[in-house]
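Structure first, then comments.
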Amino acid sequence: MWSSLWRSRDRFSLDELRFFMERQVMGEFVRILKVSRTVSVSRQLLQTMSIMIQNLKSEHAIYYLFSNEHINFLITYAFDFKNEELLSYYISFLRAISVKLDKNTISLFVKTQNEEVVSFPLYVEAIRFAFHEENMIRTAVRALTLNVYHVGDESVNRFVVKAPHADYFSNLLTYFRKQCIDLNGLVSETLKNPDSDATTVILAAVDEIEDDLYYISDVISAGIPDVGRLITEKIMQLLILPLLLPSLQLDAANDIQIGAITSLYLLCCILRIVKIKDLANTIAAALFCSPEAFIADSETKLNGYVPDNVHEIQQPENENVIEVNGCSKQIMQSLSSSSQVRTEDIISKGVSHSTLRDALLSYITVGDDLQVLGSLSMLATLLQTKELDEIMLDALGILPQRKQHKKLLLQALVGEDSREDQLFSLGSSSIRDEFNCELDGHLQTLKAQYGVACSSLEVGTTPSAHRFQVLHTLVSLFCRSNISPETLWDGGWLFRQLLPYSEAEFNSQHLKLLDSYKNCTCALLEETRGTWPDLLMSILRDEWKKCKRAMEASSPPKEPKCILFPLEKSSADDVLPSESSIISGEKMCKVVKVFVLLHQLHIFSLGRALPDQPPICLPSDIPENSRARTAGLDASGPKLGAELRLVDAVPCRIAFERGKERHFCFLAISVGTSGWILLAEELPLKKHYGIIRIVAPLAGSNPTIDEKHSRWLHLRIRPSTLPVLDPAKSITHGKAKTKALVDGRWTLAFRDDESCKTALSMIIEEFDLQSSEVKRRLNSLLNIEGGIDVPDTSLHPSEASSSTQTPSNSS
């Protein structure tokens, strides 16, 4: 009974709010605010109101609180916003109100005249701070605007898109453009002076840019009429036409404010995030225009002034333009003759490219690593943009194989040509005419809305010719030796999407790809006699799995933002000498990556299924007469402290510490694809037996007899593993995470010249066996049919610098 008398009050109930309103407490709040001269009172009042509004659950309670002018008075009150803390409380207050907006409550915050909204203080006051330097304030304002847009009140929607309030969207894109220019400055500086700190700054800038684009996408998806059109126009007029597209030409003017790399990233971001059909198709259509079409007004636009009605650039007369079925078409060579022209000759560096699309392809054939990756990212993004019409993908030459097949089936169902060679050949005039008419429509829209005329487009081209050109460009990429394997993998992903069903269409490209594959096979075979043949099999299997996963993925291996950063430095750069085994190992890894890619693409191009594992032969048994069998070793190899027979062992001396020479028995032994140099201590009570004390890799030992001391044998002792295989030990952007591994140097002293030569011959013999086994296991994978000349890379003593020091070890 007593507990009921002391029951706690629900201070946020409807009854409590009614008591609150009837006592005119809101009016008292306003009175206190008017007479107050301290910031603390204003801050406390705003905080109290925010907490109270956030805790209101009942619709009646919300209506009670909002159904007077006191809230609007607080919204429009002239607070002293020089106090940043007070501004934060004020924005939180506005945001709390916006969360409670719906089609009923929003009417309490607007003034109307003739059923049109003429005043909306909540929205107008909030967007004043939309571009505040404080990120949390900008975020809160954006959340508020989205809450307003999602209410769905038609009169409010008309209010926000009318002048002067529509300037918010223009200002939003102007602010975004400045961010893009600032990002370009960071990227340019980082490319000149790679540094991990700069990378962190770029990542932060990228995150903010992508957040802005997601906000723009959310605004569009709110469903306000004309907002999508308005944002499309502003993106094109403020950013894409004056800044991004002009920079894509190889010989872009120095006064362009955004570089090609940054532009490619931004275009990819816009296409991936801002889901506007007209925007995607307009960007794609603009790629068929010449670079000069965008430069005429770029200086004016870059200075910040963009006229409301972009004036139309008059299309120059062209005697080669004719009308076919009401569509403009430019006379060009037929596919039979144009297909003989090399892409590099058409779009080579330093030549004025006819279209921006040609410039994109030129980056792939002659650009550096980042330019190649940027162009590939752009093409892959276009390919994955669902808002892009298939006709534009077909025009660009990147309509995916699966979509081509779907298109062919549809045409067959409606009674059109059913054979691929008819559908995509130049002889099929109906297909060509339909293609040109649809493409011409997009180009006319680009000219009518933005004044960009396309006079140099080879409109007479068929989709087949453009697809053929892209395939040729990608195959040319795979033949380049100065591009990183990771970038080639991105090209491989795109190549697989575009592989044609028609074998005849790809015949010449397949032969060129096969030539590149054979060259890479030779490089792989050289690695069987290189420094790391014992790791070749495991690296090959790992890279096969990774490459297969990358090629069959729904997206390219790398995200577009990767093009903004310099390629990660090799762990050997500026740290190790060029003859280091680590450098040789990283070179081998690159060879394997490229080989695996080309091998898998070769399988794809033949229309075969890709196996989960590379077809490598099984290990062979250890021969009975081998040195390993004689020594008593099995397939697991030698272990420190284990006992072995010292048959064929050669006595030697070595000092691992100055003045502390030790006596060992030397053995070189191989088991399958592995090999070791062993130093064992002879057991005094067990003749011809010893204990393994030191084990070092056989491969990469580079044995040489000293020129002045014929009893001395110099060996290089490489690490047992590669840092590149352990990400924790790799070096990112020039900053070492751990101390780089270096090669050891041994000098073994033997009793006489013959003993030294015997040890050298033992190393060469066992390494030959190791290399032969590696090559044997690769045979089924390489499928050698006498078409590849295996270079003779037998290990022979190389010249070594003379040494006058006492036999010792250095590392």
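Numbering starts fresh at 1 for the residues of each chain in the structure tokens, the chains themselves are lettered A, B, ... in the order given, and ligands are numbered from 1 as they appear.
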Using only C-alpha atoms, which residues sit within 12 Å of Lys192 in chain A once same-chain residues fewer than 6 positions away are excluded, as a PDB file with N, CA and C atoms, in the first residue's frame?
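Done, and the output landed in part29.pdb:
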```pdb
ATOM      1  N   GLY A 185      45.496  17.359 -55.016  1.00  0.00           N
ATOM      2  CA  GLY A 185      46.744  17.897 -54.495  1.00  0.00           C
ATOM      3  C   GLY A 185      47.475  16.897 -53.622  1.00  0.00           C
ATOM      4  N   LEU A 186      46.721  16.187 -52.778  1.00  0.00           N
ATOM      5  CA  LEU A 186      47.337  15.172 -51.922  1.00  0.00           C
ATOM      6  C   LEU A 186      47.913  14.035 -52.743  1.00  0.00           C
ATOM      7  N   ALA A 198      51.277  10.466 -45.700  1.00  0.00           N
ATOM      8  CA  ALA A 198      50.439  11.028 -46.753  1.00  0.00           C
ATOM      9  C   ALA A 198      49.344  10.048 -47.150  1.00  0.00           C
ATOM     10  N   PHE A 565      47.258   5.567 -54.840  1.00  0.00           N
ATOM     11  CA  PHE A 565      48.472   5.379 -54.065  1.00  0.00           C
ATOM     12  C   PHE A 565      49.575   4.792 -54.933  1.00  0.00           C
ATOM     13  N   PRO A 566      50.819   5.176 -54.669  1.00  0.00           N
ATOM     14  CA  PRO A 566      51.938   4.541 -55.378  1.00  0.00           C
ATOM     15  C   PRO A 566      51.947   3.052 -55.082  1.00  0.00           C
TER      16      PRO A 566
END
```
Subject >> Best match for closeness to Cys269 in chain A among A:Ser188, A:Ser377, A:Ser221, A:Ser92, counting only C-alpha atoms >> reply: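 Closest to Cys269 in chain A, using only C-alpha atoms: A:Ser377.
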Original post:
Pick from A:Met26, A:Val227, A:Cys180, A:Leu244: nearest to Tyr149 in chain A, with only C-alpha atoms counted?
Top reply: A:Val227
Subject >> Atomic separation - CA of Ile235 in chain A relative to CA of Ile216 in chain A, Å >> reply: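 Computed distance, CA of Ile216 in chain A to CA of Ile235 in chain A, equals 10.5 Å.
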**OP:** Extract the full set of strand (DSSP E or B) residues from range 18-236 of chain A according to DSSP on the backbone, and format it as a PyMOL selection string.
**Re:** chain A and resi 111-113+116-119
Original post:
For the atom pair CA of Pro614 in chain A and CA of Ser538 in chain A, what is the interatomic distance in Å to one decimal place?
Top reply: 10.8 Å
Output as a tab-separated table one row per residue of range 61-84 of chain A within 7 Å of range 104-122 of chain A: the closest atom pair and its distance in Å to one decimal place, counting only C-alpha atoms, sorted by chain and residue number ascending.
```
residue	atom	partner	partner_atom	distance
A:Tyr63	CA	A:Thr105	CA	6.8
A:Phe66	CA	A:Leu108	CA	6.6
A:Ser67	CA	A:Leu108	CA	6.2
A:Asn72	CA	A:Phe109	CA	6.7
A:Ile75	CA	A:Leu122	CA	6.4
A:Thr76	CA	A:Pro121	CA	6.7
```
If DSSP is run on the backbone, what residues of range 581-679 of chain A are helix (DSSP H, G or I)? A reply as a PDB file with N, CA and C atoms, in the first residue's frame would be ideal.
```pdb
ATOM      1  N   SER A 581      69.286 -12.475 -52.763  1.00  0.00           N
ATOM      2  CA  SER A 581      68.345 -13.566 -53.049  1.00  0.00           C
ATOM      3  C   SER A 581      66.902 -13.124 -52.823  1.00  0.00           C
ATOM      4  N   ILE A 582      66.683 -12.136 -51.953  1.00  0.00           N
ATOM      5  CA  ILE A 582      65.327 -11.642 -51.709  1.00  0.00           C
ATOM      6  C   ILE A 582      64.775 -10.995 -52.978  1.00  0.00           C
ATOM      7  N   ILE A 583      65.619 -10.240 -53.662  1.00  0.00           N
ATOM      8  CA  ILE A 583      65.188  -9.634 -54.924  1.00  0.00           C
ATOM      9  C   ILE A 583      64.869 -10.714 -55.945  1.00  0.00           C
ATOM     10  N   SER A 584      65.712 -11.751 -55.998  1.00  0.00           N
ATOM     11  CA  SER A 584      65.456 -12.864 -56.927  1.00  0.00           C
ATOM     12  C   SER A 584      64.146 -13.556 -56.586  1.00  0.00           C
ATOM     13  N   GLY A 585      63.889 -13.712 -55.283  1.00  0.00           N
ATOM     14  CA  GLY A 585      62.642 -14.365 -54.874  1.00  0.00           C
ATOM     15  C   GLY A 585      61.416 -13.565 -55.237  1.00  0.00           C
ATOM     16  N   GLU A 586      61.472 -12.250 -55.060  1.00  0.00           N
ATOM     17  CA  GLU A 586      60.325 -11.420 -55.430  1.00  0.00           C
ATOM     18  C   GLU A 586      60.115 -11.418 -56.935  1.00  0.00           C
ATOM     19  N   LYS A 587      61.203 -11.462 -57.681  1.00  0.00           N
ATOM     20  CA  LYS A 587      61.088 -11.573 -59.139  1.00  0.00           C
ATOM     21  C   LYS A 587      60.406 -12.889 -59.520  1.00  0.00           C
ATOM     22  N   MET A 588      60.762 -13.980 -58.830  1.00  0.00           N
ATOM     23  CA  MET A 588      60.131 -15.263 -59.108  1.00  0.00           C
ATOM     24  C   MET A 588      58.630 -15.213 -58.816  1.00  0.00           C
ATOM     25  N   CYS A 589      58.263 -14.574 -57.702  1.00  0.00           N
ATOM     26  CA  CYS A 589      56.838 -14.467 -57.369  1.00  0.00           C
ATOM     27  C   CYS A 589      56.073 -13.721 -58.456  1.00  0.00           C
ATOM     28  N   LYS A 590      56.672 -12.678 -59.007  1.00  0.00           N
ATOM     29  CA  LYS A 590      56.023 -11.939 -60.084  1.00  0.00           C
ATOM     30  C   LYS A 590      55.880 -12.798 -61.331  1.00  0.00           C
ATOM     31  N   VAL A 591      56.934 -13.550 -61.646  1.00  0.00           N
ATOM     32  CA  VAL A 591      56.871 -14.449 -62.804  1.00  0.00           C
ATOM     33  C   VAL A 591      55.741 -15.453 -62.631  1.00  0.00           C
ATOM     34  N   VAL A 592      55.625 -16.022 -61.426  1.00  0.00           N
ATOM     35  CA  VAL A 592      54.569 -17.006 -61.161  1.00  0.00           C
ATOM     36  C   VAL A 592      53.190 -16.367 -61.301  1.00  0.00           C
ATOM     37  N   LYS A 593      53.007 -15.166 -60.747  1.00  0.00           N
ATOM     38  CA  LYS A 593      51.714 -14.488 -60.843  1.00  0.00           C
ATOM     39  C   LYS A 593      51.304 -14.268 -62.297  1.00  0.00           C
ATOM     40  N   VAL A 594      52.246 -13.798 -63.104  1.00  0.00           N
ATOM     41  CA  VAL A 594      51.929 -13.538 -64.510  1.00  0.00           C
ATOM     42  C   VAL A 594      51.664 -14.838 -65.242  1.00  0.00           C
ATOM     43  N   PHE A 595      52.482 -15.861 -64.981  1.00  0.00           N
ATOM     44  CA  PHE A 595      52.283 -17.152 -65.645  1.00  0.00           C
ATOM     45  C   PHE A 595      50.912 -17.725 -65.325  1.00  0.00           C
ATOM     46  N   VAL A 596      50.553 -17.707 -64.029  1.00  0.00           N
ATOM     47  CA  VAL A 596      49.262 -18.266 -63.618  1.00  0.00           C
ATOM     48  C   VAL A 596      48.117 -17.523 -64.308  1.00  0.00           C
ATOM     49  N   LEU A 597      48.207 -16.198 -64.348  1.00  0.00           N
ATOM     50  CA  LEU A 597      47.164 -15.420 -65.012  1.00  0.00           C
ATOM     51  C   LEU A 597      47.032 -15.810 -66.476  1.00  0.00           C
ATOM     52  N   LEU A 598      48.147 -15.812 -67.195  1.00  0.00           N
ATOM     53  CA  LEU A 598      48.091 -16.112 -68.629  1.00  0.00           C
ATOM     54  C   LEU A 598      47.668 -17.551 -68.879  1.00  0.00           C
ATOM     55  N   HIS A 599      48.084 -18.455 -68.020  1.00  0.00           N
ATOM     56  CA  HIS A 599      47.672 -19.855 -68.183  1.00  0.00           C
ATOM     57  C   HIS A 599      46.157 -19.997 -67.999  1.00  0.00           C
ATOM     58  N   GLN A 600      45.630 -19.335 -66.979  1.00  0.00           N
ATOM     59  CA  GLN A 600      44.190 -19.430 -66.757  1.00  0.00           C
ATOM     60  C   GLN A 600      43.409 -18.744 -67.874  1.00  0.00           C
ATOM     61  N   LEU A 601      43.892 -17.595 -68.349  1.00  0.00           N
ATOM     62  CA  LEU A 601      43.227 -16.930 -69.465  1.00  0.00           C
ATOM     63  C   LEU A 601      43.302 -17.786 -70.721  1.00  0.00           C
ATOM     64  N   HIS A 602      44.415 -18.490 -70.892  1.00  0.00           N
ATOM     65  CA  HIS A 602      44.545 -19.408 -72.037  1.00  0.00           C
ATOM     66  C   HIS A 602      43.479 -20.498 -71.963  1.00  0.00           C
ATOM     67  N   ILE A 603      43.249 -21.028 -70.755  1.00  0.00           N
ATOM     68  CA  ILE A 603      42.203 -22.041 -70.578  1.00  0.00           C
ATOM     69  C   ILE A 603      40.828 -21.442 -70.850  1.00  0.00           C
ATOM     70  N   PHE A 604      40.579 -20.219 -70.319  1.00  0.00           N
ATOM     71  CA  PHE A 604      39.297 -19.562 -70.560  1.00  0.00           C
ATOM     72  C   PHE A 604      39.070 -19.331 -72.053  1.00  0.00           C
ATOM     73  N   SER A 605      40.116 -18.883 -72.749  1.00  0.00           N
ATOM     74  CA  SER A 605      39.958 -18.551 -74.168  1.00  0.00           C
ATOM     75  C   SER A 605      39.653 -19.780 -75.015  1.00  0.00           C
ATOM     76  N   ARG A 627      72.113 -39.814 -53.157  1.00  0.00           N
ATOM     77  CA  ARG A 627      72.939 -39.452 -52.010  1.00  0.00           C
ATOM     78  C   ARG A 627      72.079 -39.332 -50.745  1.00  0.00           C
ATOM     79  N   ALA A 628      70.817 -38.874 -50.896  1.00  0.00           N
ATOM     80  CA  ALA A 628      69.927 -38.770 -49.739  1.00  0.00           C
ATOM     81  C   ALA A 628      69.626 -40.136 -49.149  1.00  0.00           C
ATOM     82  N   ARG A 629      69.364 -41.129 -50.027  1.00  0.00           N
ATOM     83  CA  ARG A 629      69.073 -42.478 -49.545  1.00  0.00           C
ATOM     84  C   ARG A 629      70.310 -43.074 -48.867  1.00  0.00           C
ATOM     85  N   THR A 630      71.470 -42.850 -49.448  1.00  0.00           N
ATOM     86  CA  THR A 630      72.708 -43.379 -48.872  1.00  0.00           C
ATOM     87  C   THR A 630      72.969 -42.781 -47.493  1.00  0.00           C
ATOM     88  N   ALA A 631      72.630 -41.466 -47.357  1.00  0.00           N
ATOM     89  CA  ALA A 631      72.857 -40.806 -46.068  1.00  0.00           C
ATOM     90  C   ALA A 631      71.812 -41.178 -45.030  1.00  0.00           C
TER      91      ALA A 631
END
```
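Among the candidates A:Thr381, A:Thr521, A:Thr365, A:Ser720, the residue lying nearest to Ser555 in chain A is A:Thr381 (atoms considered: only C-alpha atoms).
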**OP:** Can you pull out every residue within 10 Å of Asp278 in chain A, counting only C-alpha atoms, but drop anything in the same chain fewer than 3 positions away, and send it as a count of residues only?
**Re:** 14
Original post:
Looking at only C-alpha atoms, which of A:Asp534, A:Asp743, A:Glu552, A:Glu657 is the one that sits closest to Val774 in chain A?
Top reply: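 Among the listed residues, the smallest separation from Val774 in chain A belongs to A:Asp534.
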